[in-house]
2 protein chains.
Amino acid sequence: MFELHADLRRDCFAIGTFPLCNFLAMNDANFPWFILVPARHEVREIYQLNETDQLQLLRESSYLAQQLALEFNADKINIAALGNITPQLHIHHIVRYRSDPAWPKPVWGQQPATPYTVTQRAHLLTRLRRCLTRDLVFVLP
Amino acid sequence: MFELHADLRRDCFAIGTFPLCNFLAMNDANFPWFILVPARHEVREIYQLNETDQLQLLRESSYLAQQLALEFNADKINIAALGNITPQLHIHHIVRYRSDPAWPKPVWGQQPATPYTVTQRAHLLTRLRRCLTRDLVFVLP
């Protein structure tokens, strides 16, 4: 039975669900930083998903990355499956700008997270509703 | 016309070629650290590959990750497409151990690379020849 890992519940807020993945936003206003979590029990590595799920993950990841790049006018999208601390398989999708506070380094461990304000969160949701019009069921109002 | 980016030629050595990707080893003996580079001209993001190439990349990546995990007895495989500095699409596949010098942090920027000795490089190649028996054409003797 899939249940979202406590680390992800603590650090993120849920945006919605794709056919395979839970779609989360990292609660850090420094970066438009999103996470896909395949809703599968006890999977740590992409190769542990069955072939159908791997293809669906690829589909959701590439759709998300492309839409984020357009909507947020990204200089680069960073995609990563690390999981050294949080064992549940989760794939980071991070919009990067040459002007962001960690550029050109990876974002992990660069500075403390700055939680979104209520207004910032509403604005983020508006942008996601605009660009993610396919297959995503939003859980936030 | 695909040509391997100068940054990758400088930091890595070529191991072989999969049907889609050049397969490189990062010249840093601190980690078993490998890179897949789709042999496609001017691609920066996975979603810019056509669908056939995306599926082939997934196939090569998952095969590589699984074989590395087994052969190197990994605690975790880290997979990442960053590219903030080197624009050519390249996907890191890094064998991680709880005992490695960067654990549990990501490997980037943690410490200077330690180039392989000739003996270490030969030993690495032996292990790769043992575990990568499918689809990989080795370029090293």
# chains A, B, ... in the order shown; residues from 1 in each chain; ligands from 1
>>> interface_residues(of="chain A", to="chain B", cutoff="7 Å", atoms="only C-alpha atoms", output="list in words")
Ile46, Tyr47, Ser62, Gln66, Lys76, Asn78, Ile79, Ala80, Ala81, Leu82, Asn84, Ile85 and Pro104 of chain A
>>> select_by_dssp(residues="chain B", states="helix (DSSP H, G or I)", output="PyMOL selection string")
chain B and resi 6-11+46-48+51-71+118-131
>>> residues_around(residues="Phe138 of chain B", least_positions_apart="5", cutoff="10 Å", atoms="only C-alpha atoms", output="JSON list (two decimals) with C-alpha atoms, in the first residue's frame")
[["chain", "number", "residue", "atom", "x", "y", "z"],
["B", 14, "ALA", "CA", 35.13, 6.83, -22.89],
["B", 15, "ILE", "CA", 34.11, 3.27, -22.01],
["B", 16, "GLY", "CA", 31.91, 2.41, -24.96],
["B", 17, "THR", "CA", 28.71, 3.06, -26.84],
["B", 18, "PHE", "CA", 25.16, 1.88, -26.29],
["B", 23, "PHE", "CA", 29.04, 5.73, -22.12],
["B", 125, "LEU", "CA", 37.04, -1.76, -16.87],
["B", 128, "LEU", "CA", 32.21, -3.07, -16.33],
["B", 129, "ARG", "CA", 32.99, -5.83, -18.82],
["B", 132, "LEU", "CA", 27.51, -4.81, -18.92]]
>>> select_by_dssp(residues="segment 49-90 of chain A", states="strand (DSSP E)", output="PyMOL selection string")
chain A and resi 76-81
>>> write_last_selection(atoms="N, CA, C and O atoms", output="compact mmCIF listing (two decimals), in the first residue's frame")
# COMPACT_ATOMS: atom_id res chain seq x y z
N LYS A 76 17.21 26.32 -17.49
CA LYS A 76 17.55 24.88 -17.50
C LYS A 76 16.58 24.18 -16.57
O LYS A 76 16.15 24.76 -15.58
N ILE A 77 16.27 22.94 -16.91
CA ILE A 77 15.52 22.09 -15.98
C ILE A 77 16.51 21.07 -15.41
O ILE A 77 17.25 20.44 -16.16
N ASN A 78 16.54 20.94 -14.10
CA ASN A 78 17.35 19.90 -13.45
C ASN A 78 16.43 18.76 -13.04
O ASN A 78 15.43 18.99 -12.34
N ILE A 79 16.77 17.55 -13.45
CA ILE A 79 15.97 16.37 -13.10
C ILE A 79 16.88 15.39 -12.36
O ILE A 79 17.98 15.10 -12.83
N ALA A 80 16.42 14.90 -11.22
CA ALA A 80 17.30 14.01 -10.45
C ALA A 80 16.52 13.06 -9.56
O ALA A 80 15.55 13.45 -8.91
N ALA A 81 16.98 11.82 -9.54
CA ALA A 81 16.52 10.80 -8.59
C ALA A 81 17.71 10.49 -7.69
O ALA A 81 18.64 9.80 -8.12
>>> atom_distance(atom1="atom CA of Asp100 of chain B", atom2="atom CA of Cys12 of chain B")
19.8 Å
>>> residues_around(residues="Thr114 of chain A", least_positions_apart="2", cutoff="7 Å", atoms="only C-alpha atoms", output="PyMOL selection string")
chain A and resi 28-30+112+116
>>> write_last_selection(atoms="N, CA and C atoms", output="short mmCIF file (atom, residue, chain, number, x, y, z; two decimals), in the first residue's frame")
data_model
loop_
_atom_site.label_atom_id
_atom_site.label_comp_id
_atom_site.auth_asym_id
_atom_site.auth_seq_id
_atom_site.Cartn_x
_atom_site.Cartn_y
_atom_site.Cartn_z
N ASP A 28 9.79 25.68 -0.87
CA ASP A 28 10.97 26.53 -0.88
C ASP A 28 10.82 27.52 -2.04
N ALA A 29 10.50 28.76 -1.68
CA ALA A 29 10.21 29.77 -2.69
C ALA A 29 11.46 30.24 -3.43
N ASN A 30 12.65 29.75 -3.05
CA ASN A 30 13.87 30.10 -3.78
C ASN A 30 13.89 29.56 -5.20
N PRO A 112 19.12 27.49 3.22
CA PRO A 112 17.91 26.98 3.86
C PRO A 112 16.67 27.30 3.01
N TYR A 116 6.97 29.22 1.19
CA TYR A 116 6.08 30.10 0.43
C TYR A 116 5.15 30.85 1.39
#
>>> atom_distance(atom1="atom CA of Gln56 of chain A", atom2="atom CA of Thr52 of chain B")
14.1 Å
>>> residues_around(residues="Phe13 of chain A", least_positions_apart="4", cutoff="12 Å", atoms="only C-alpha atoms", output="ChimeraX atom specification")
/A:4,6-9,22-28,33-36,115-116,121,124-125,138-140
>>> residues_around(residues="Leu68 of chain A", least_positions_apart="4", cutoff="8 Å", atoms="only C-alpha atoms", output="number ranges by chain")
A: 64, 72-74, 95, 131
>>> atom_distance(atom1="atom CA of Arg10 of chain A", atom2="atom CA of Glu60 of chain A")
23.4 Å
>>> closest_residue(among="A:Val43, A:Asp11, A:Gln110, A:Thr117", to="Gln88 of chain A", atoms="only C-alpha atoms")
A:Val43
>>> decode(residues="segment 99-114 of chain B", atoms="all heavy atoms", output="PDB file, in the first residue's frame")
ATOM      1  N   SER B  99      29.398   4.797   3.048  1.00  0.00           N
ATOM      2  CA  SER B  99      30.773   5.082   3.462  1.00  0.00           C
ATOM      3  C   SER B  99      31.508   6.023   2.503  1.00  0.00           C
ATOM      4  O   SER B  99      32.690   6.296   2.700  1.00  0.00           O
ATOM      5  CB  SER B  99      31.540   3.763   3.530  1.00  0.00           C
ATOM      6  OG  SER B  99      31.524   3.149   2.240  1.00  0.00           O
ATOM      7  N   ASP B 100      30.847   6.527   1.447  1.00  0.00           N
ATOM      8  CA  ASP B 100      31.617   7.332   0.481  1.00  0.00           C
ATOM      9  C   ASP B 100      31.838   8.755   1.009  1.00  0.00           C
ATOM     10  O   ASP B 100      31.161   9.198   1.931  1.00  0.00           O
ATOM     11  CB  ASP B 100      30.991   7.259  -0.926  1.00  0.00           C
ATOM     12  CG  ASP B 100      29.730   8.094  -1.119  1.00  0.00           C
ATOM     13  OD1 ASP B 100      29.637   9.213  -0.595  1.00  0.00           O
ATOM     14  OD2 ASP B 100      28.842   7.610  -1.852  1.00  0.00           O
ATOM     15  N   PRO B 101      32.808   9.477   0.429  1.00  0.00           N
ATOM     16  CA  PRO B 101      33.223  10.753   1.036  1.00  0.00           C
ATOM     17  C   PRO B 101      32.181  11.868   0.985  1.00  0.00           C
ATOM     18  O   PRO B 101      32.360  12.877   1.664  1.00  0.00           O
ATOM     19  CB  PRO B 101      34.481  11.139   0.243  1.00  0.00           C
ATOM     20  CG  PRO B 101      34.477  10.301  -0.976  1.00  0.00           C
ATOM     21  CD  PRO B 101      33.691   9.069  -0.667  1.00  0.00           C
ATOM     22  N   ALA B 102      31.117  11.719   0.224  1.00  0.00           N
ATOM     23  CA  ALA B 102      30.100  12.781   0.160  1.00  0.00           C
ATOM     24  C   ALA B 102      28.780  12.386   0.836  1.00  0.00           C
ATOM     25  O   ALA B 102      27.926  13.237   1.046  1.00  0.00           O
ATOM     26  CB  ALA B 102      29.821  13.159  -1.297  1.00  0.00           C
ATOM     27  N   TRP B 103      28.601  11.136   1.150  1.00  0.00           N
ATOM     28  CA  TRP B 103      27.324  10.634   1.681  1.00  0.00           C
ATOM     29  C   TRP B 103      26.855  11.431   2.893  1.00  0.00           C
ATOM     30  O   TRP B 103      27.682  11.715   3.743  1.00  0.00           O
ATOM     31  CB  TRP B 103      27.469   9.159   2.059  1.00  0.00           C
ATOM     32  CG  TRP B 103      26.178   8.543   2.499  1.00  0.00           C
ATOM     33  CD1 TRP B 103      25.674   8.486   3.776  1.00  0.00           C
ATOM     34  CD2 TRP B 103      25.201   7.906   1.657  1.00  0.00           C
ATOM     35  NE1 TRP B 103      24.466   7.861   3.779  1.00  0.00           N
ATOM     36  CE2 TRP B 103      24.141   7.499   2.498  1.00  0.00           C
ATOM     37  CE3 TRP B 103      25.115   7.666   0.280  1.00  0.00           C
ATOM     38  CZ2 TRP B 103      23.000   6.838   2.005  1.00  0.00           C
ATOM     39  CZ3 TRP B 103      23.997   7.012  -0.204  1.00  0.00           C
ATOM     40  CH2 TRP B 103      22.961   6.606   0.661  1.00  0.00           C
ATOM     41  N   PRO B 104      25.564  11.778   3.040  1.00  0.00           N
ATOM     42  CA  PRO B 104      24.463  11.492   2.107  1.00  0.00           C
ATOM     43  C   PRO B 104      24.224  12.616   1.097  1.00  0.00           C
ATOM     44  O   PRO B 104      23.220  12.625   0.417  1.00  0.00           O
ATOM     45  CB  PRO B 104      23.266  11.379   3.053  1.00  0.00           C
ATOM     46  CG  PRO B 104      23.541  12.407   4.113  1.00  0.00           C
ATOM     47  CD  PRO B 104      25.057  12.428   4.271  1.00  0.00           C
ATOM     48  N   LYS B 105      25.161  13.553   1.010  1.00  0.00           N
ATOM     49  CA  LYS B 105      24.967  14.664   0.073  1.00  0.00           C
ATOM     50  C   LYS B 105      25.134  14.202  -1.373  1.00  0.00           C
ATOM     51  O   LYS B 105      25.777  13.189  -1.634  1.00  0.00           O
ATOM     52  CB  LYS B 105      26.002  15.763   0.346  1.00  0.00           C
ATOM     53  CG  LYS B 105      25.815  16.443   1.691  1.00  0.00           C
ATOM     54  CD  LYS B 105      26.857  17.528   1.873  1.00  0.00           C
ATOM     55  CE  LYS B 105      26.730  18.161   3.257  1.00  0.00           C
ATOM     56  NZ  LYS B 105      27.844  19.084   3.550  1.00  0.00           N
ATOM     57  N   PRO B 106      24.608  14.990  -2.318  1.00  0.00           N
ATOM     58  CA  PRO B 106      24.954  14.744  -3.722  1.00  0.00           C
ATOM     59  C   PRO B 106      26.463  14.918  -3.913  1.00  0.00           C
ATOM     60  O   PRO B 106      27.120  15.586  -3.104  1.00  0.00           O
ATOM     61  CB  PRO B 106      24.175  15.835  -4.468  1.00  0.00           C
ATOM     62  CG  PRO B 106      23.082  16.250  -3.533  1.00  0.00           C
ATOM     63  CD  PRO B 106      23.652  16.113  -2.154  1.00  0.00           C
ATOM     64  N   VAL B 107      27.020  14.342  -4.961  1.00  0.00           N
ATOM     65  CA  VAL B 107      28.480  14.331  -5.119  1.00  0.00           C
ATOM     66  C   VAL B 107      29.063  15.637  -5.660  1.00  0.00           C
ATOM     67  O   VAL B 107      30.245  15.911  -5.460  1.00  0.00           O
ATOM     68  CB  VAL B 107      28.929  13.201  -6.074  1.00  0.00           C
ATOM     69  CG1 VAL B 107      28.580  11.844  -5.500  1.00  0.00           C
ATOM     70  CG2 VAL B 107      28.338  13.378  -7.464  1.00  0.00           C
ATOM     71  N   TRP B 108      28.241  16.432  -6.329  1.00  0.00           N
ATOM     72  CA  TRP B 108      28.782  17.585  -7.050  1.00  0.00           C
ATOM     73  C   TRP B 108      29.361  18.615  -6.079  1.00  0.00           C
ATOM     74  O   TRP B 108      28.713  19.032  -5.114  1.00  0.00           O
ATOM     75  CB  TRP B 108      27.706  18.221  -7.928  1.00  0.00           C
ATOM     76  CG  TRP B 108      27.195  17.247  -8.936  1.00  0.00           C
ATOM     77  CD1 TRP B 108      27.755  16.937 -10.149  1.00  0.00           C
ATOM     78  CD2 TRP B 108      26.043  16.403  -8.796  1.00  0.00           C
ATOM     79  NE1 TRP B 108      27.016  15.966 -10.768  1.00  0.00           N
ATOM     80  CE2 TRP B 108      25.958  15.626  -9.967  1.00  0.00           C
ATOM     81  CE3 TRP B 108      25.067  16.246  -7.801  1.00  0.00           C
ATOM     82  CZ2 TRP B 108      24.950  14.692 -10.167  1.00  0.00           C
ATOM     83  CZ3 TRP B 108      24.067  15.325  -7.984  1.00  0.00           C
ATOM     84  CH2 TRP B 108      24.013  14.556  -9.169  1.00  0.00           C
ATOM     85  N   GLY B 109      30.588  19.025  -6.367  1.00  0.00           N
ATOM     86  CA  GLY B 109      31.208  20.097  -5.605  1.00  0.00           C
ATOM     87  C   GLY B 109      31.603  19.734  -4.190  1.00  0.00           C
ATOM     88  O   GLY B 109      31.867  20.609  -3.375  1.00  0.00           O
ATOM     89  N   GLN B 110      31.633  18.458  -3.854  1.00  0.00           N
ATOM     90  CA  GLN B 110      31.983  18.080  -2.490  1.00  0.00           C
ATOM     91  C   GLN B 110      33.488  18.042  -2.265  1.00  0.00           C
ATOM     92  O   GLN B 110      33.971  18.464  -1.247  1.00  0.00           O
ATOM     93  CB  GLN B 110      31.364  16.724  -2.121  1.00  0.00           C
ATOM     94  CG  GLN B 110      29.851  16.764  -1.990  1.00  0.00           C
ATOM     95  CD  GLN B 110      29.381  17.768  -0.953  1.00  0.00           C
ATOM     96  OE1 GLN B 110      29.894  17.817   0.148  1.00  0.00           O
ATOM     97  NE2 GLN B 110      28.420  18.602  -1.327  1.00  0.00           N
ATOM     98  N   GLN B 111      34.208  17.482  -3.219  1.00  0.00           N
ATOM     99  CA  GLN B 111      35.668  17.479  -3.091  1.00  0.00           C
ATOM    100  C   GLN B 111      36.287  17.348  -4.480  1.00  0.00           C
ATOM    101  O   GLN B 111      35.611  16.936  -5.418  1.00  0.00           O
ATOM    102  CB  GLN B 111      36.177  16.335  -2.197  1.00  0.00           C
ATOM    103  CG  GLN B 111      35.928  14.946  -2.717  1.00  0.00           C
ATOM    104  CD  GLN B 111      34.578  14.452  -2.285  1.00  0.00           C
ATOM    105  OE1 GLN B 111      34.300  14.442  -1.114  1.00  0.00           O
ATOM    106  NE2 GLN B 111      33.741  14.076  -3.239  1.00  0.00           N
ATOM    107  N   PRO B 112      37.547  17.720  -4.595  1.00  0.00           N
ATOM    108  CA  PRO B 112      38.185  17.636  -5.911  1.00  0.00           C
ATOM    109  C   PRO B 112      38.240  16.196  -6.410  1.00  0.00           C
ATOM    110  O   PRO B 112      38.306  15.253  -5.612  1.00  0.00           O
ATOM    111  CB  PRO B 112      39.595  18.184  -5.678  1.00  0.00           C
ATOM    112  CG  PRO B 112      39.779  18.303  -4.205  1.00  0.00           C
ATOM    113  CD  PRO B 112      38.444  18.229  -3.547  1.00  0.00           C
ATOM    114  N   ALA B 113      38.176  16.042  -7.724  1.00  0.00           N
ATOM    115  CA  ALA B 113      38.275  14.711  -8.322  1.00  0.00           C
ATOM    116  C   ALA B 113      39.659  14.118  -8.070  1.00  0.00           C
ATOM    117  O   ALA B 113      40.656  14.830  -8.042  1.00  0.00           O
ATOM    118  CB  ALA B 113      38.013  14.809  -9.824  1.00  0.00           C
ATOM    119  N   THR B 114      39.685  12.809  -7.862  1.00  0.00           N
ATOM    120  CA  THR B 114      40.933  12.064  -7.733  1.00  0.00           C
ATOM    121  C   THR B 114      41.067  11.182  -8.968  1.00  0.00           C
ATOM    122  O   THR B 114      40.374  10.173  -9.078  1.00  0.00           O
ATOM    123  CB  THR B 114      40.898  11.167  -6.478  1.00  0.00           C
ATOM    124  OG1 THR B 114      40.558  11.958  -5.345  1.00  0.00           O
ATOM    125  CG2 THR B 114      42.237  10.482  -6.252  1.00  0.00           C
TER     126      THR B 114
END
